[in-house]
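Below: my_file-v4.cif (mmCIF, N, CA and C atoms)
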data_query
#
loop_
_atom_site.label_atom_id
_atom_site.label_comp_id
_atom_site.auth_asym_id
_atom_site.auth_seq_id
_atom_site.Cartn_x
_atom_site.Cartn_y
_atom_site.Cartn_z
N MET A 1 -1.88 -15.41 -8.33
CA MET A 1 -1.97 -15.46 -6.88
C MET A 1 -3.14 -14.59 -6.45
N SER A 2 -3.92 -15.08 -5.55
CA SER A 2 -5.08 -14.34 -5.06
C SER A 2 -5.04 -14.24 -3.55
N TYR A 3 -5.60 -13.16 -3.04
CA TYR A 3 -5.62 -12.95 -1.60
C TYR A 3 -6.95 -13.38 -1.00
N ARG A 4 -7.64 -14.27 -1.68
CA ARG A 4 -8.91 -14.75 -1.14
C ARG A 4 -8.64 -15.44 0.18
N GLY A 5 -9.33 -15.01 1.16
CA GLY A 5 -9.12 -15.60 2.48
C GLY A 5 -10.31 -15.32 3.36
N ASP A 6 -10.08 -15.49 4.60
CA ASP A 6 -11.12 -15.31 5.59
C ASP A 6 -11.48 -13.83 5.71
N ASN A 7 -12.78 -13.52 5.69
CA ASN A 7 -13.21 -12.13 5.85
C ASN A 7 -12.75 -11.55 7.18
N GLN A 8 -12.65 -12.38 8.20
CA GLN A 8 -12.19 -11.91 9.50
C GLN A 8 -10.77 -11.39 9.40
N GLU A 9 -9.92 -12.10 8.65
CA GLU A 9 -8.55 -11.64 8.46
C GLU A 9 -8.52 -10.30 7.74
N ALA A 10 -9.38 -10.14 6.74
CA ALA A 10 -9.44 -8.88 6.00
C ALA A 10 -9.89 -7.75 6.91
N LEU A 11 -10.88 -8.02 7.75
CA LEU A 11 -11.35 -7.00 8.68
C LEU A 11 -10.26 -6.64 9.70
N GLU A 12 -9.52 -7.65 10.15
CA GLU A 12 -8.42 -7.38 11.08
C GLU A 12 -7.35 -6.53 10.41
N LEU A 13 -7.09 -6.78 9.13
CA LEU A 13 -6.12 -5.97 8.40
C LEU A 13 -6.62 -4.53 8.28
N ILE A 14 -7.89 -4.37 7.98
CA ILE A 14 -8.46 -3.02 7.89
C ILE A 14 -8.34 -2.30 9.22
N GLU A 15 -8.64 -2.99 10.31
CA GLU A 15 -8.53 -2.39 11.64
C GLU A 15 -7.08 -2.00 11.94
N LEU A 16 -6.14 -2.86 11.56
CA LEU A 16 -4.72 -2.55 11.76
C LEU A 16 -4.32 -1.30 10.98
N ILE A 17 -4.75 -1.24 9.73
CA ILE A 17 -4.43 -0.07 8.90
C ILE A 17 -5.07 1.18 9.47
N GLN A 18 -6.34 1.10 9.85
CA GLN A 18 -7.02 2.27 10.41
C GLN A 18 -6.36 2.72 11.71
N GLY A 19 -5.99 1.76 12.55
CA GLY A 19 -5.31 2.10 13.80
C GLY A 19 -3.97 2.76 13.54
N THR A 20 -3.27 2.27 12.54
CA THR A 20 -1.97 2.83 12.19
C THR A 20 -2.12 4.26 11.67
N ILE A 21 -3.11 4.48 10.84
CA ILE A 21 -3.36 5.83 10.32
C ILE A 21 -3.71 6.77 11.46
N GLU A 22 -4.56 6.32 12.36
CA GLU A 22 -4.94 7.14 13.51
C GLU A 22 -3.72 7.44 14.38
N SER A 23 -2.89 6.43 14.61
CA SER A 23 -1.67 6.62 15.40
C SER A 23 -0.76 7.65 14.75
N TYR A 24 -0.61 7.57 13.43
CA TYR A 24 0.27 8.52 12.74
C TYR A 24 -0.28 9.95 12.84
N SER A 25 -1.59 10.08 12.78
CA SER A 25 -2.19 11.41 12.87
C SER A 25 -1.98 12.04 14.24
N LYS A 26 -1.73 11.19 15.25
CA LYS A 26 -1.51 11.68 16.61
C LYS A 26 -0.03 11.70 16.99
N LYS A 27 0.84 11.37 16.05
CA LYS A 27 2.28 11.29 16.30
C LYS A 27 2.82 12.65 16.73
N GLU A 28 3.68 12.63 17.74
CA GLU A 28 4.31 13.87 18.18
C GLU A 28 5.20 14.40 17.07
N LYS A 29 5.19 15.71 16.88
CA LYS A 29 5.98 16.33 15.81
C LYS A 29 7.48 16.05 15.97
N SER A 30 7.92 15.90 17.22
CA SER A 30 9.35 15.69 17.46
C SER A 30 9.80 14.27 17.12
N LEU A 31 8.86 13.34 16.96
CA LEU A 31 9.18 11.95 16.66
C LEU A 31 9.35 11.78 15.15
N THR A 32 10.50 11.25 14.74
CA THR A 32 10.73 11.04 13.31
C THR A 32 9.82 9.94 12.79
N ASP A 33 9.56 9.97 11.48
CA ASP A 33 8.75 8.92 10.88
C ASP A 33 9.41 7.55 11.07
N ASP A 34 10.73 7.51 10.96
CA ASP A 34 11.45 6.25 11.14
C ASP A 34 11.22 5.69 12.54
N ALA A 35 11.36 6.53 13.54
CA ALA A 35 11.15 6.08 14.93
C ALA A 35 9.70 5.67 15.14
N TRP A 36 8.77 6.42 14.57
CA TRP A 36 7.35 6.11 14.71
C TRP A 36 7.04 4.74 14.10
N ILE A 37 7.53 4.49 12.88
CA ILE A 37 7.27 3.22 12.21
C ILE A 37 7.81 2.06 13.04
N LYS A 38 9.01 2.21 13.54
CA LYS A 38 9.61 1.14 14.34
C LYS A 38 8.79 0.88 15.61
N ASN A 39 8.32 1.95 16.25
CA ASN A 39 7.46 1.78 17.44
C ASN A 39 6.17 1.06 17.08
N GLU A 40 5.56 1.43 15.96
CA GLU A 40 4.33 0.77 15.52
C GLU A 40 4.56 -0.72 15.30
N LEU A 41 5.66 -1.05 14.63
CA LEU A 41 5.96 -2.46 14.36
C LEU A 41 6.18 -3.23 15.65
N ARG A 42 6.82 -2.61 16.61
CA ARG A 42 7.06 -3.29 17.90
C ARG A 42 5.75 -3.45 18.68
N ASN A 43 4.87 -2.48 18.59
CA ASN A 43 3.66 -2.47 19.42
C ASN A 43 2.48 -3.23 18.82
N ASN A 44 2.58 -3.71 17.59
CA ASN A 44 1.45 -4.40 16.95
C ASN A 44 1.56 -5.91 16.98
N ASN A 45 2.44 -6.44 17.83
CA ASN A 45 2.56 -7.89 18.01
C ASN A 45 2.68 -8.64 16.68
N LEU A 46 3.55 -8.17 15.82
CA LEU A 46 3.72 -8.79 14.51
C LEU A 46 4.74 -9.92 14.53
N GLU A 47 5.33 -10.18 15.68
CA GLU A 47 6.27 -11.28 15.85
C GLU A 47 7.43 -11.19 14.86
N ILE A 48 8.04 -10.01 14.78
CA ILE A 48 9.22 -9.83 13.96
C ILE A 48 10.35 -9.29 14.84
N ASP A 49 11.56 -9.68 14.49
CA ASP A 49 12.70 -9.27 15.31
C ASP A 49 13.21 -7.88 14.90
N GLU A 50 14.18 -7.39 15.64
CA GLU A 50 14.70 -6.03 15.41
C GLU A 50 15.29 -5.86 14.01
N LYS A 51 15.96 -6.89 13.53
CA LYS A 51 16.54 -6.81 12.18
C LYS A 51 15.43 -6.64 11.14
N GLU A 52 14.37 -7.41 11.28
CA GLU A 52 13.23 -7.30 10.35
C GLU A 52 12.55 -5.94 10.48
N ILE A 53 12.48 -5.42 11.69
CA ILE A 53 11.91 -4.09 11.91
C ILE A 53 12.74 -3.04 11.17
N GLU A 54 14.06 -3.15 11.27
CA GLU A 54 14.95 -2.21 10.57
C GLU A 54 14.72 -2.27 9.06
N VAL A 55 14.71 -3.48 8.52
CA VAL A 55 14.55 -3.66 7.07
C VAL A 55 13.18 -3.15 6.62
N PHE A 56 12.14 -3.56 7.33
CA PHE A 56 10.78 -3.20 6.94
C PHE A 56 10.55 -1.69 7.06
N SER A 57 11.04 -1.07 8.12
CA SER A 57 10.84 0.38 8.28
C SER A 57 11.55 1.14 7.16
N LYS A 58 12.74 0.67 6.77
CA LYS A 58 13.47 1.31 5.67
C LYS A 58 12.68 1.18 4.37
N GLU A 59 12.14 -0.02 4.12
CA GLU A 59 11.35 -0.24 2.91
C GLU A 59 10.10 0.63 2.90
N VAL A 60 9.45 0.76 4.05
CA VAL A 60 8.24 1.59 4.13
C VAL A 60 8.58 3.04 3.82
N LEU A 61 9.63 3.57 4.42
CA LEU A 61 10.02 4.95 4.18
C LEU A 61 10.42 5.18 2.73
N GLU A 62 11.15 4.24 2.14
CA GLU A 62 11.54 4.37 0.73
C GLU A 62 10.32 4.33 -0.18
N THR A 63 9.36 3.47 0.14
CA THR A 63 8.15 3.37 -0.67
C THR A 63 7.32 4.65 -0.57
N ILE A 64 7.21 5.19 0.63
CA ILE A 64 6.47 6.45 0.81
C ILE A 64 7.14 7.56 0.02
N GLU A 65 8.46 7.63 0.09
CA GLU A 65 9.20 8.66 -0.65
C GLU A 65 8.98 8.51 -2.16
N LEU A 66 9.04 7.28 -2.66
CA LEU A 66 8.81 7.03 -4.08
C LEU A 66 7.38 7.43 -4.46
N ASN A 67 6.41 7.05 -3.64
CA ASN A 67 5.02 7.42 -3.92
C ASN A 67 4.84 8.92 -3.92
N ASN A 68 5.45 9.61 -2.97
CA ASN A 68 5.35 11.07 -2.93
C ASN A 68 5.96 11.70 -4.18
N ARG A 69 7.11 11.18 -4.63
CA ARG A 69 7.73 11.69 -5.86
C ARG A 69 6.83 11.44 -7.06
N ASN A 70 6.21 10.25 -7.11
CA ASN A 70 5.32 9.94 -8.24
C ASN A 70 4.06 10.80 -8.22
N ILE A 71 3.51 11.05 -7.05
CA ILE A 71 2.33 11.92 -6.95
C ILE A 71 2.68 13.33 -7.43
N GLU A 72 3.82 13.82 -7.00
CA GLU A 72 4.27 15.14 -7.44
C GLU A 72 4.51 15.15 -8.95
N SER A 73 5.13 14.08 -9.45
CA SER A 73 5.44 13.98 -10.88
C SER A 73 4.17 13.95 -11.73
N ILE A 74 3.19 13.16 -11.33
CA ILE A 74 1.96 13.09 -12.13
C ILE A 74 1.19 14.40 -12.05
N GLY A 75 1.23 15.05 -10.88
CA GLY A 75 0.58 16.35 -10.75
C GLY A 75 1.21 17.38 -11.68
N THR A 76 2.53 17.40 -11.74
CA THR A 76 3.24 18.32 -12.64
C THR A 76 2.92 17.99 -14.09
N ALA A 77 2.90 16.71 -14.41
CA ALA A 77 2.60 16.29 -15.78
C ALA A 77 1.20 16.76 -16.19
N ILE A 78 0.23 16.57 -15.32
CA ILE A 78 -1.14 16.98 -15.63
C ILE A 78 -1.22 18.50 -15.81
N GLU A 79 -0.53 19.23 -14.92
CA GLU A 79 -0.49 20.70 -15.05
C GLU A 79 0.09 21.13 -16.39
N ASN A 80 1.00 20.32 -16.93
CA ASN A 80 1.63 20.63 -18.20
C ASN A 80 0.91 20.01 -19.39
N GLY A 81 -0.30 19.50 -19.15
CA GLY A 81 -1.13 18.98 -20.24
C GLY A 81 -0.86 17.54 -20.64
N VAL A 82 -0.11 16.82 -19.84
CA VAL A 82 0.17 15.41 -20.13
C VAL A 82 -0.90 14.56 -19.45
N SER A 83 -1.43 13.59 -20.18
CA SER A 83 -2.46 12.72 -19.59
C SER A 83 -1.84 11.76 -18.59
N LYS A 84 -2.69 11.23 -17.70
CA LYS A 84 -2.22 10.23 -16.73
C LYS A 84 -1.69 9.00 -17.45
N GLU A 85 -2.37 8.63 -18.54
CA GLU A 85 -1.96 7.46 -19.30
C GLU A 85 -0.58 7.66 -19.93
N ALA A 86 -0.34 8.85 -20.48
CA ALA A 86 0.97 9.14 -21.07
C ALA A 86 2.05 9.16 -19.99
N TRP A 87 1.72 9.71 -18.82
CA TRP A 87 2.67 9.72 -17.71
C TRP A 87 3.02 8.29 -17.31
N PHE A 88 1.99 7.43 -17.19
CA PHE A 88 2.22 6.04 -16.81
C PHE A 88 3.06 5.32 -17.87
N GLN A 89 2.75 5.56 -19.13
CA GLN A 89 3.52 4.94 -20.21
C GLN A 89 5.00 5.34 -20.11
N GLN A 90 5.27 6.60 -19.82
CA GLN A 90 6.64 7.06 -19.67
C GLN A 90 7.33 6.36 -18.50
N LYS A 91 6.62 6.20 -17.38
CA LYS A 91 7.20 5.53 -16.21
C LYS A 91 7.51 4.06 -16.52
N VAL A 92 6.64 3.39 -17.25
CA VAL A 92 6.88 2.00 -17.63
C VAL A 92 8.09 1.92 -18.55
N GLN A 93 8.19 2.86 -19.48
CA GLN A 93 9.35 2.87 -20.38
C GLN A 93 10.64 3.09 -19.60
N GLU A 94 10.60 4.01 -18.64
CA GLU A 94 11.79 4.25 -17.81
C GLU A 94 12.18 2.99 -17.03
N ALA A 95 11.18 2.31 -16.49
CA ALA A 95 11.45 1.11 -15.68
C ALA A 95 11.93 -0.06 -16.52
N SER A 96 11.60 -0.05 -17.80
CA SER A 96 11.93 -1.20 -18.65
C SER A 96 13.20 -1.01 -19.47
N VAL A 97 13.90 0.10 -19.28
CA VAL A 97 15.15 0.32 -20.00
C VAL A 97 16.12 -0.82 -19.68
N GLY A 98 16.65 -1.42 -20.73
CA GLY A 98 17.62 -2.50 -20.56
C GLY A 98 17.00 -3.87 -20.33
N MET A 99 15.68 -3.94 -20.33
CA MET A 99 15.01 -5.23 -20.13
C MET A 99 14.69 -5.87 -21.48
N SER A 100 14.63 -7.18 -21.48
CA SER A 100 14.18 -7.89 -22.67
C SER A 100 12.66 -7.78 -22.77
N VAL A 101 12.14 -8.14 -23.93
CA VAL A 101 10.69 -8.10 -24.13
C VAL A 101 10.00 -9.00 -23.10
N ASN A 102 10.58 -10.17 -22.83
CA ASN A 102 9.98 -11.08 -21.85
C ASN A 102 9.98 -10.47 -20.45
N GLN A 103 11.06 -9.79 -20.09
CA GLN A 103 11.14 -9.16 -18.77
C GLN A 103 10.11 -8.04 -18.65
N VAL A 104 9.92 -7.26 -19.71
CA VAL A 104 8.91 -6.20 -19.69
C VAL A 104 7.53 -6.82 -19.54
N GLY A 105 7.29 -7.90 -20.26
CA GLY A 105 6.01 -8.59 -20.15
C GLY A 105 5.76 -9.08 -18.73
N GLN A 106 6.79 -9.63 -18.09
CA GLN A 106 6.66 -10.09 -16.71
C GLN A 106 6.42 -8.92 -15.77
N TYR A 107 7.10 -7.81 -16.02
CA TYR A 107 6.91 -6.60 -15.21
C TYR A 107 5.47 -6.11 -15.29
N LEU A 108 4.96 -6.03 -16.53
CA LEU A 108 3.57 -5.58 -16.72
C LEU A 108 2.58 -6.59 -16.14
N GLN A 109 2.89 -7.87 -16.25
CA GLN A 109 2.03 -8.89 -15.66
C GLN A 109 2.00 -8.74 -14.15
N GLY A 110 3.14 -8.40 -13.55
CA GLY A 110 3.19 -8.16 -12.11
C GLY A 110 2.30 -7.00 -11.70
N ILE A 111 2.31 -5.93 -12.50
CA ILE A 111 1.43 -4.79 -12.22
C ILE A 111 -0.03 -5.22 -12.32
N ASP A 112 -0.36 -5.95 -13.38
CA ASP A 112 -1.72 -6.43 -13.57
C ASP A 112 -2.15 -7.34 -12.42
N ASN A 113 -1.26 -8.23 -11.99
CA ASN A 113 -1.57 -9.13 -10.87
C ASN A 113 -1.81 -8.34 -9.58
N ALA A 114 -0.98 -7.33 -9.34
CA ALA A 114 -1.15 -6.51 -8.13
C ALA A 114 -2.50 -5.81 -8.12
N ILE A 115 -2.89 -5.28 -9.27
CA ILE A 115 -4.20 -4.60 -9.37
C ILE A 115 -5.33 -5.61 -9.16
N ASN A 116 -5.22 -6.76 -9.80
CA ASN A 116 -6.26 -7.79 -9.64
C ASN A 116 -6.36 -8.28 -8.21
N ASN A 117 -5.21 -8.49 -7.55
CA ASN A 117 -5.23 -8.95 -6.16
C ASN A 117 -5.85 -7.90 -5.24
N ALA A 118 -5.52 -6.63 -5.47
CA ALA A 118 -6.11 -5.56 -4.66
C ALA A 118 -7.61 -5.51 -4.86
N ASN A 119 -8.06 -5.67 -6.09
CA ASN A 119 -9.50 -5.67 -6.38
C ASN A 119 -10.18 -6.88 -5.75
N ASP A 120 -9.53 -8.05 -5.81
CA ASP A 120 -10.09 -9.26 -5.18
C ASP A 120 -10.26 -9.05 -3.68
N LEU A 121 -9.21 -8.53 -3.04
CA LEU A 121 -9.26 -8.30 -1.60
C LEU A 121 -10.35 -7.29 -1.25
N MET A 122 -10.44 -6.22 -2.03
CA MET A 122 -11.48 -5.22 -1.77
C MET A 122 -12.86 -5.84 -1.91
N SER A 123 -13.05 -6.66 -2.95
CA SER A 123 -14.35 -7.32 -3.13
C SER A 123 -14.66 -8.25 -1.97
N GLN A 124 -13.66 -8.98 -1.50
CA GLN A 124 -13.86 -9.89 -0.37
C GLN A 124 -14.32 -9.13 0.87
N VAL A 125 -13.77 -7.94 1.04
CA VAL A 125 -14.06 -7.17 2.24
C VAL A 125 -15.42 -6.49 2.14
N ILE A 126 -15.74 -5.93 0.99
CA ILE A 126 -16.95 -5.11 0.93
C ILE A 126 -18.19 -5.86 0.47
N LEU A 127 -18.01 -7.07 -0.08
CA LEU A 127 -19.17 -7.82 -0.56
C LEU A 127 -19.40 -9.07 0.28
N ASN A 128 -20.67 -9.36 0.55
CA ASN A 128 -21.06 -10.61 1.19
C ASN A 128 -21.02 -11.72 0.15
N ASN A 129 -21.13 -12.97 0.59
CA ASN A 129 -21.11 -14.11 -0.33
C ASN A 129 -22.22 -14.04 -1.37
N ASP A 130 -23.35 -13.42 -1.04
CA ASP A 130 -24.46 -13.34 -1.99
C ASP A 130 -24.35 -12.12 -2.90
N GLY A 131 -23.25 -11.36 -2.80
CA GLY A 131 -23.02 -10.22 -3.69
C GLY A 131 -23.53 -8.89 -3.16
N THR A 132 -24.23 -8.91 -2.02
CA THR A 132 -24.70 -7.65 -1.44
C THR A 132 -23.55 -6.97 -0.71
N ILE A 133 -23.70 -5.67 -0.50
CA ILE A 133 -22.65 -4.90 0.16
C ILE A 133 -22.62 -5.21 1.65
N ASN A 134 -21.43 -5.48 2.16
CA ASN A 134 -21.23 -5.75 3.58
C ASN A 134 -21.46 -4.45 4.35
N ARG A 135 -22.33 -4.48 5.33
CA ARG A 135 -22.66 -3.29 6.10
C ARG A 135 -21.98 -3.28 7.47
N ASN A 136 -20.89 -4.02 7.59
CA ASN A 136 -20.14 -4.07 8.84
C ASN A 136 -19.66 -2.67 9.20
N ILE A 137 -19.86 -2.27 10.44
CA ILE A 137 -19.51 -0.93 10.89
C ILE A 137 -18.01 -0.64 10.73
N ASN A 138 -17.17 -1.67 10.77
CA ASN A 138 -15.73 -1.49 10.61
C ASN A 138 -15.35 -1.03 9.20
N LEU A 139 -16.26 -1.16 8.25
CA LEU A 139 -15.96 -0.73 6.88
C LEU A 139 -16.34 0.72 6.64
N ASP A 140 -16.97 1.37 7.59
CA ASP A 140 -17.47 2.73 7.38
C ASP A 140 -16.83 3.69 8.37
N HIS A 141 -15.60 4.05 8.10
CA HIS A 141 -14.90 4.99 8.97
C HIS A 141 -14.59 6.30 8.27
N GLY A 142 -15.12 6.49 7.10
CA GLY A 142 -14.91 7.75 6.40
C GLY A 142 -13.48 7.99 5.97
N CYS A 143 -12.69 6.93 5.81
CA CYS A 143 -11.29 7.07 5.38
C CYS A 143 -11.21 7.33 3.91
#

Render the structure in this file as C-alpha cells.
Amino acid sequence: MSYRGDNQEALELIELIQGTIESYSKKEKSLTDDAWIKNELRNNNLEIDEKEIEVFSKEVLETIELNNRNIESIGTAIENGVSKEAWFQQKVQEASVGMSVNQVGQYLQGIDNAINNANDLMSQVILNNDGTINRNINLDHGC
C-alpha cells in the first residue's frame, strides 16, 4: 500500500499537523490533553461524530503514552550500553511472544510497509516530479 497522492493533500496534511502542534504549544495548562484533543478534533472539520472523537482521542493518548515509554526505554538502554538495534530486537521479540513464524513475518512486514509508506509520503512532499527539492514555503517551518 502506498500513500502516493496529490501533493496538495500532502501539503494540507502538513498544515494540519503544524497547526495542531502550534495549538498544543498554546494550550492552557488547566486544559487536559484529553479535552484538548477532543476540541481539536471538533474544530478541524474532520466530519467525525462524538463516538469517533472519543475512540480516536483515546487511541491518540494511548499511542503518545506508549511512545513516551519507548523513548524512555531506549534512552535507558543506551545509557546502559545497549545499542538501538539490540533494543529494537528485544521489543520485536517481546511483541512476537506466542506468535507463529508466519505471524512474526507479517508483523515485521507491517513495520517495513509503514516505514516505506512514510518515506514515500515524505518524498512526495519534499520532491518535485523532476526530482528537485520542493521549495514551497509551507515545507520550511523549522519543525

Query raised in the report: Which value, in Å to one decimal, gives the distance between atom CA of A:Phe56 and atom CA of A:Leu41?
Result: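 Atom CA of A:Leu41 lies 8.9 Å from atom CA of A:Phe56.
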
Query raised in the report: Which residues, written as a ChimeraX atom specification, have at least one atom at most 12 Å from A:Val55, with only C-alpha atoms counted and residues fewer than 4 positions away on the same chain left out?
Result: /A:34,37-38,41,48-51,59-62

Report task. Taking the file above as input, evaluate the PyMOL selection byres (((chain A and resi 20-24 and name CA) around 10) and name CA) and report the hits as a list of chain:residue names. Result ->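 Selection result, ordered by chain and number: A:Ile14, A:Glu15, A:Leu16, A:Ile17, A:Gln18, A:Gly19, A:Ser25, A:Lys26, A:Lys27, A:Glu28, A:Asp33, A:Trp36, A:Ile37, A:Glu40, A:Leu41, A:Asn44, A:Cys143.
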
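For the atom pair formed by atom CA of A:Trp87 and atom C of A:Arg69, the distance is 11.6 Å, given to one decimal.
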
Requested in this report: Determine which residues of stretch 8-122 of chain A DSSP labels as alpha helix (DSSP H) from the backbone of this structure, then write them out as a PyMOL selection string.
Outcome: chain A and resi 8-25+33-43+50-79+84-95+101-122

Report task. Record the distance separating atom C of A:Ala35 and atom C of A:Glu54, expressed in Å with one decimal. Result -> 11.2 Å

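Using only C-alpha atoms, the nearest neighbour of A:Val125 within the list A:Asn67, A:Gln8, A:Ser73, A:Asn43 is A:Gln8.
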
Save stretch 107-116 of chain A of the structure in the block above to a file, with all heavy atoms included, as a PDB file, in the first residue's frame.
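Here's the written file decode.pdb:
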ATOM      1  N   TYR A 107       4.031  -9.356  10.981  1.00  0.00           N
ATOM      2  CA  TYR A 107       4.277  -8.214  11.877  1.00  0.00           C
ATOM      3  C   TYR A 107       5.451  -7.383  11.370  1.00  0.00           C
ATOM      4  O   TYR A 107       5.368  -6.162  11.248  1.00  0.00           O
ATOM      5  CB  TYR A 107       4.535  -8.736  13.293  1.00  0.00           C
ATOM      6  CG  TYR A 107       4.930  -7.686  14.302  1.00  0.00           C
ATOM      7  CD1 TYR A 107       3.998  -6.783  14.790  1.00  0.00           C
ATOM      8  CD2 TYR A 107       6.230  -7.616  14.794  1.00  0.00           C
ATOM      9  CE1 TYR A 107       4.350  -5.825  15.734  1.00  0.00           C
ATOM     10  CE2 TYR A 107       6.596  -6.669  15.728  1.00  0.00           C
ATOM     11  CZ  TYR A 107       5.648  -5.777  16.196  1.00  0.00           C
ATOM     12  OH  TYR A 107       6.010  -4.832  17.125  1.00  0.00           O
ATOM     13  N   LEU A 108       6.551  -8.069  11.045  1.00  0.00           N
ATOM     14  CA  LEU A 108       7.733  -7.361  10.539  1.00  0.00           C
ATOM     15  C   LEU A 108       7.462  -6.731   9.180  1.00  0.00           C
ATOM     16  O   LEU A 108       7.941  -5.629   8.904  1.00  0.00           O
ATOM     17  CB  LEU A 108       8.927  -8.324  10.469  1.00  0.00           C
ATOM     18  CG  LEU A 108       9.432  -8.826  11.818  1.00  0.00           C
ATOM     19  CD1 LEU A 108      10.524  -9.880  11.617  1.00  0.00           C
ATOM     20  CD2 LEU A 108       9.934  -7.686  12.689  1.00  0.00           C
ATOM     21  N   GLN A 109       6.680  -7.402   8.353  1.00  0.00           N
ATOM     22  CA  GLN A 109       6.312  -6.826   7.057  1.00  0.00           C
ATOM     23  C   GLN A 109       5.487  -5.565   7.250  1.00  0.00           C
ATOM     24  O   GLN A 109       5.653  -4.583   6.522  1.00  0.00           O
ATOM     25  CB  GLN A 109       5.525  -7.838   6.210  1.00  0.00           C
ATOM     26  CG  GLN A 109       5.230  -7.353   4.809  1.00  0.00           C
ATOM     27  CD  GLN A 109       6.482  -7.123   3.988  1.00  0.00           C
ATOM     28  OE1 GLN A 109       7.332  -8.006   3.899  1.00  0.00           O
ATOM     29  NE2 GLN A 109       6.610  -5.955   3.390  1.00  0.00           N
ATOM     30  N   GLY A 110       4.616  -5.567   8.260  1.00  0.00           N
ATOM     31  CA  GLY A 110       3.827  -4.371   8.571  1.00  0.00           C
ATOM     32  C   GLY A 110       4.722  -3.205   8.973  1.00  0.00           C
ATOM     33  O   GLY A 110       4.488  -2.062   8.569  1.00  0.00           O
ATOM     34  N   ILE A 111       5.758  -3.483   9.771  1.00  0.00           N
ATOM     35  CA  ILE A 111       6.709  -2.440  10.151  1.00  0.00           C
ATOM     36  C   ILE A 111       7.423  -1.912   8.917  1.00  0.00           C
ATOM     37  O   ILE A 111       7.544  -0.699   8.716  1.00  0.00           O
ATOM     38  CB  ILE A 111       7.720  -2.969  11.191  1.00  0.00           C
ATOM     39  CG1 ILE A 111       7.027  -3.263  12.517  1.00  0.00           C
ATOM     40  CG2 ILE A 111       8.869  -1.968  11.389  1.00  0.00           C
ATOM     41  CD1 ILE A 111       7.898  -3.982  13.531  1.00  0.00           C
ATOM     42  N   ASP A 112       7.885  -2.823   8.068  1.00  0.00           N
ATOM     43  CA  ASP A 112       8.579  -2.434   6.844  1.00  0.00           C
ATOM     44  C   ASP A 112       7.672  -1.606   5.939  1.00  0.00           C
ATOM     45  O   ASP A 112       8.090  -0.581   5.390  1.00  0.00           O
ATOM     46  CB  ASP A 112       9.076  -3.681   6.112  1.00  0.00           C
ATOM     47  CG  ASP A 112       9.992  -3.351   4.946  1.00  0.00           C
ATOM     48  OD1 ASP A 112      10.964  -2.590   5.148  1.00  0.00           O
ATOM     49  OD2 ASP A 112       9.725  -3.839   3.830  1.00  0.00           O
ATOM     50  N   ASN A 113       6.411  -2.018   5.810  1.00  0.00           N
ATOM     51  CA  ASN A 113       5.455  -1.269   4.985  1.00  0.00           C
ATOM     52  C   ASN A 113       5.219   0.133   5.544  1.00  0.00           C
ATOM     53  O   ASN A 113       5.138   1.103   4.788  1.00  0.00           O
ATOM     54  CB  ASN A 113       4.124  -2.015   4.884  1.00  0.00           C
ATOM     55  CG  ASN A 113       4.217  -3.265   4.045  1.00  0.00           C
ATOM     56  OD1 ASN A 113       5.158  -3.471   3.292  1.00  0.00           O
ATOM     57  ND2 ASN A 113       3.234  -4.141   4.196  1.00  0.00           N
ATOM     58  N   ALA A 114       5.100   0.239   6.866  1.00  0.00           N
ATOM     59  CA  ALA A 114       4.887   1.556   7.482  1.00  0.00           C
ATOM     60  C   ALA A 114       6.062   2.484   7.208  1.00  0.00           C
ATOM     61  O   ALA A 114       5.883   3.668   6.892  1.00  0.00           O
ATOM     62  CB  ALA A 114       4.660   1.403   8.985  1.00  0.00           C
ATOM     63  N   ILE A 115       7.267   1.955   7.319  1.00  0.00           N
ATOM     64  CA  ILE A 115       8.468   2.765   7.048  1.00  0.00           C
ATOM     65  C   ILE A 115       8.502   3.179   5.581  1.00  0.00           C
ATOM     66  O   ILE A 115       8.748   4.348   5.261  1.00  0.00           O
ATOM     67  CB  ILE A 115       9.747   1.994   7.440  1.00  0.00           C
ATOM     68  CG1 ILE A 115       9.815   1.840   8.957  1.00  0.00           C
ATOM     69  CG2 ILE A 115      10.994   2.705   6.907  1.00  0.00           C
ATOM     70  CD1 ILE A 115      10.881   0.884   9.438  1.00  0.00           C
ATOM     71  N   ASN A 116       8.228   2.236   4.689  1.00  0.00           N
ATOM     72  CA  ASN A 116       8.229   2.554   3.255  1.00  0.00           C
ATOM     73  C   ASN A 116       7.165   3.582   2.907  1.00  0.00           C
ATOM     74  O   ASN A 116       7.410   4.499   2.116  1.00  0.00           O
ATOM     75  CB  ASN A 116       8.046   1.290   2.422  1.00  0.00           C
ATOM     76  CG  ASN A 116       9.287   0.425   2.397  1.00  0.00           C
ATOM     77  OD1 ASN A 116      10.406   0.921   2.506  1.00  0.00           O
ATOM     78  ND2 ASN A 116       9.094  -0.872   2.275  1.00  0.00           N
TER      79      ASN A 116
END
